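Some notes on the structure that comes next.
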Amino acid sequence: MEVSVLGAGLAEIGFELSLSTADAGRAGAVLNRALDSGITFLDTAECYNVSEELIGRAVSNRRGEYTLATKAGHQGEQTGREWTYETVAGNVEKSLVRMKTDHVDLVQLHSCSVDVLERGDAVRALQDARQAGKTRFAGYSGDNEAAHWAVDSGLFDTLQTSFNIADQRAFTTGLLKKAEARGMGIIIKRPIAGGTWGAVRRGKTEQRVRGYDDTYFDRSTRMARLGAVPGEPADPVEFALGFVFAHPEPDVAIIGTKDPKHMESNIKLAERGGRLDSRAVGDMHRRFESLGRDWRQLT
């Protein structure tokens, strides 16, 4: 797959918008603006509320213009249980219907544990979906020990994992290098750490938008207290994206928004994101290592 360096993470539109005419129109504006601006990677999941339905309504008519990735495993409508063969297979079928397509480009197991991976039912369902042409590729989305297991197994084409200035374990444990060595596509989730670095720089005392923001805000606060960062750009989003893309392993970073203007701004910043001062990158690595020896990837 060849994709744009920035992808659209579509959890936000799924949870914060509805299937009403007005909200579907807003979702369509975000998605069409993304495609018109050069984004070719859309990432969603069967459990992101109405996200898949909104994709189907808004851009199924442009299916040939983007790479479509979803995730499976959580919603066991067939069995009432997560991570069974029937649940994963059923999720894939429903995703195709919702997004009005006969195949997706990538289905990822959605942050399941090592135990689930070792049991093999969920992996087998993904492999069978690929064999049947319902997905072109099979991936794993997750962190920590399970992400290492997925990479080491050789069973997956892609890895989606957390990596940002406040969540660097994918780098320090060698996860990114290992995935790259295996030829896997590497998708970075949460690349701007929920915007918490910018919130700290603006003097805010909290940043609560998503469930992981409290942890990222605390980490960013502690890292920022160590003083000025040499070569830090004025725009905190440019800084965050620049940090991610200063590493050679990531192929695409996904950012979510429900505002078309924010989407366009993110695209422009991503285009400049690979030119971050190397002093800033090294300084952020040192801060993380000095403060975060017990900081794990956020799942």
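Labels used: A, B, ... for chains in the order of the structure tokens, numbers from 1 for residues in each chain, and numbers from 1 for ligands as shown.
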- Would you kindly return, as an NGL selection string, each protein, DNA or RNA residue with an atom no farther than 8 Å from any atom of Tyr48 (chain A), considering only C-alpha atoms and excluding same-chain residues fewer than 4 positions away? :A and (10-11 or 14-15 or 44 or 52)
Go ahead and save the picked residues with all heavy atoms, as a PDB file, in the first residue's frame.
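Dumped everything to part-v2.pdb:
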```pdb
ATOM      1  N   LEU A  10     -10.669   8.205  12.478  1.00  0.00           N
ATOM      2  CA  LEU A  10     -12.086   8.543  12.416  1.00  0.00           C
ATOM      3  C   LEU A  10     -12.890   8.106  13.637  1.00  0.00           C
ATOM      4  O   LEU A  10     -14.105   7.974  13.575  1.00  0.00           O
ATOM      5  CB  LEU A  10     -12.678   7.964  11.134  1.00  0.00           C
ATOM      6  CG  LEU A  10     -11.994   8.505   9.871  1.00  0.00           C
ATOM      7  CD1 LEU A  10     -12.548   7.842   8.624  1.00  0.00           C
ATOM      8  CD2 LEU A  10     -12.132  10.019   9.786  1.00  0.00           C
ATOM      9  N   ALA A  11     -12.204   7.923  14.776  1.00  0.00           N
ATOM     10  CA  ALA A  11     -12.937   7.663  16.014  1.00  0.00           C
ATOM     11  C   ALA A  11     -13.741   8.896  16.416  1.00  0.00           C
ATOM     12  O   ALA A  11     -14.886   8.797  16.862  1.00  0.00           O
ATOM     13  CB  ALA A  11     -11.973   7.279  17.131  1.00  0.00           C
ATOM     14  N   GLY A  14     -16.998   9.421  14.740  1.00  0.00           N
ATOM     15  CA  GLY A  14     -17.926   8.349  15.091  1.00  0.00           C
ATOM     16  C   GLY A  14     -18.586   8.556  16.432  1.00  0.00           C
ATOM     17  O   GLY A  14     -19.782   8.311  16.604  1.00  0.00           O
ATOM     18  N   PHE A  15     -17.805   9.030  17.402  1.00  0.00           N
ATOM     19  CA  PHE A  15     -18.338   9.199  18.752  1.00  0.00           C
ATOM     20  C   PHE A  15     -18.997  10.550  18.972  1.00  0.00           C
ATOM     21  O   PHE A  15     -19.888  10.671  19.806  1.00  0.00           O
ATOM     22  CB  PHE A  15     -17.227   9.007  19.790  1.00  0.00           C
ATOM     23  CG  PHE A  15     -16.803   7.570  19.947  1.00  0.00           C
ATOM     24  CD1 PHE A  15     -15.528   7.168  19.624  1.00  0.00           C
ATOM     25  CD2 PHE A  15     -17.701   6.616  20.419  1.00  0.00           C
ATOM     26  CE1 PHE A  15     -15.134   5.848  19.768  1.00  0.00           C
ATOM     27  CE2 PHE A  15     -17.327   5.289  20.552  1.00  0.00           C
ATOM     28  CZ  PHE A  15     -16.034   4.905  20.239  1.00  0.00           C
ATOM     29  N   THR A  44     -10.553   3.535  10.742  1.00  0.00           N
ATOM     30  CA  THR A  44     -11.725   3.505  11.594  1.00  0.00           C
ATOM     31  C   THR A  44     -11.761   2.180  12.351  1.00  0.00           C
ATOM     32  O   THR A  44     -10.762   1.469  12.419  1.00  0.00           O
ATOM     33  CB  THR A  44     -13.008   3.721  10.751  1.00  0.00           C
ATOM     34  OG1 THR A  44     -14.135   3.801  11.620  1.00  0.00           O
ATOM     35  CG2 THR A  44     -13.212   2.609   9.732  1.00  0.00           C
ATOM     36  N   GLU A  52     -18.147   4.072  10.781  1.00  0.00           N
ATOM     37  CA  GLU A  52     -18.183   3.340   9.517  1.00  0.00           C
ATOM     38  C   GLU A  52     -19.393   3.736   8.675  1.00  0.00           C
ATOM     39  O   GLU A  52     -19.291   3.862   7.447  1.00  0.00           O
ATOM     40  CB  GLU A  52     -18.171   1.840   9.777  1.00  0.00           C
ATOM     41  CG  GLU A  52     -16.838   1.337  10.335  1.00  0.00           C
ATOM     42  CD  GLU A  52     -16.796  -0.167  10.474  1.00  0.00           C
ATOM     43  OE1 GLU A  52     -17.860  -0.791  10.720  1.00  0.00           O
ATOM     44  OE2 GLU A  52     -15.700  -0.744  10.347  1.00  0.00           O
TER      45      GLU A  52
END
```
- Please identify which residues in region 16-201 of chain A DSSP calls alpha helix (DSSP H) from the backbone, and express them as a ChimeraX atom specification. /A:16,21-36,51-59,85-98,114-119,121-131,144-153,169-172,175-181,196-201
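For the residues A:Arg210, A:Arg26, A:Arg293, A:Arg130, ranking by smallest atom-to-atom distance to Ile13 (chain A) using only C-alpha atoms places A:Arg26 first.
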- Query: Just asking: which residues within region 137-265 of chain A are strand (DSSP E or B) according to DSSP, as a ChimeraX atom specification?
  - Reply: /A:137-141,158-162,164,167,185-189,252-255
Would you write out those residues with N, CA and C atoms, as a short mmCIF file (atom, residue, chain, number, x, y, z; two decimals), in the first residue's frame?
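See out.cif below for the written result:
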```cif
data_model
loop_
_atom_site.label_atom_id
_atom_site.label_comp_id
_atom_site.auth_asym_id
_atom_site.auth_seq_id
_atom_site.Cartn_x
_atom_site.Cartn_y
_atom_site.Cartn_z
N PHE A 137 -5.04 -6.86 3.42
CA PHE A 137 -3.97 -7.06 4.39
C PHE A 137 -4.55 -7.25 5.79
N ALA A 138 -3.74 -7.88 6.65
CA ALA A 138 -4.12 -8.13 8.04
C ALA A 138 -3.12 -7.44 8.96
N GLY A 139 -3.63 -6.73 9.97
CA GLY A 139 -2.74 -5.98 10.85
C GLY A 139 -3.09 -6.15 12.31
N TYR A 140 -2.20 -5.63 13.15
CA TYR A 140 -2.45 -5.60 14.59
C TYR A 140 -2.34 -4.16 15.07
N SER A 141 -3.31 -3.74 15.87
CA SER A 141 -3.30 -2.41 16.46
C SER A 141 -3.21 -2.56 17.97
N THR A 158 0.88 -5.27 9.05
CA THR A 158 1.04 -3.91 9.56
C THR A 158 0.98 -3.90 11.08
N LEU A 159 1.55 -2.84 11.65
CA LEU A 159 1.46 -2.57 13.09
C LEU A 159 0.96 -1.14 13.27
N GLN A 160 -0.09 -0.98 14.07
CA GLN A 160 -0.52 0.35 14.50
C GLN A 160 -0.23 0.46 15.99
N THR A 161 0.52 1.49 16.39
CA THR A 161 0.93 1.57 17.79
C THR A 161 1.09 3.02 18.21
N SER A 162 1.08 3.27 19.52
CA SER A 162 1.20 4.63 20.06
C SER A 162 2.65 5.09 20.04
N ASN A 164 4.62 9.13 20.48
CA ASN A 164 4.62 10.59 20.47
C ASN A 164 5.62 11.08 21.50
N ASP A 167 5.03 9.48 24.81
CA ASP A 167 4.79 8.03 24.77
C ASP A 167 5.79 7.41 23.80
N GLY A 185 4.12 -2.43 7.45
CA GLY A 185 3.68 -1.05 7.42
C GLY A 185 3.48 -0.57 8.85
N ILE A 186 3.95 0.63 9.16
CA ILE A 186 3.90 1.14 10.53
C ILE A 186 3.00 2.37 10.59
N ILE A 187 1.92 2.24 11.34
CA ILE A 187 0.90 3.28 11.49
C ILE A 187 1.01 3.82 12.91
N ILE A 188 1.18 5.12 13.05
CA ILE A 188 1.31 5.73 14.37
C ILE A 188 -0.03 6.32 14.80
N LYS A 189 -0.52 5.88 15.95
CA LYS A 189 -1.72 6.48 16.52
C LYS A 189 -1.30 7.46 17.62
N VAL A 252 2.86 6.26 8.32
CA VAL A 252 1.71 7.16 8.33
C VAL A 252 1.31 7.41 9.77
N ALA A 253 0.93 8.64 10.07
CA ALA A 253 0.42 9.00 11.39
C ALA A 253 -1.03 9.43 11.24
N ILE A 254 -1.88 8.95 12.13
CA ILE A 254 -3.30 9.26 12.01
C ILE A 254 -3.72 10.26 13.08
N ILE A 255 -4.45 11.28 12.64
CA ILE A 255 -4.96 12.32 13.53
C ILE A 255 -6.46 12.44 13.30
#
```
- As a check of understanding: the span from CA of Gly203 (chain A) to CA of Leu226 (chain A) is 14.9 Å
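Among the candidate residues A:Gly198, A:Pro260, A:Gly120, A:Gly282, the one lying nearest to Leu31 (chain A) is A:Pro260, with distances computed using only C-alpha atoms.
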- Query: Using only C-alpha atoms, which residues sit within 12 Å of Val50 (chain A) once same-chain residues fewer than 6 positions away are excluded, as an MDAnalysis selection string?
  - Reply: chainID A and resid 10:20 23:24 27 44 56:57 95 98:99
- Item | Nearest to Tyr216 (chain A) by atom-to-atom distance, counting only C-alpha atoms, from A:Val92, A:Ala166, A:Leu176, A:Leu291 | A:Ala166
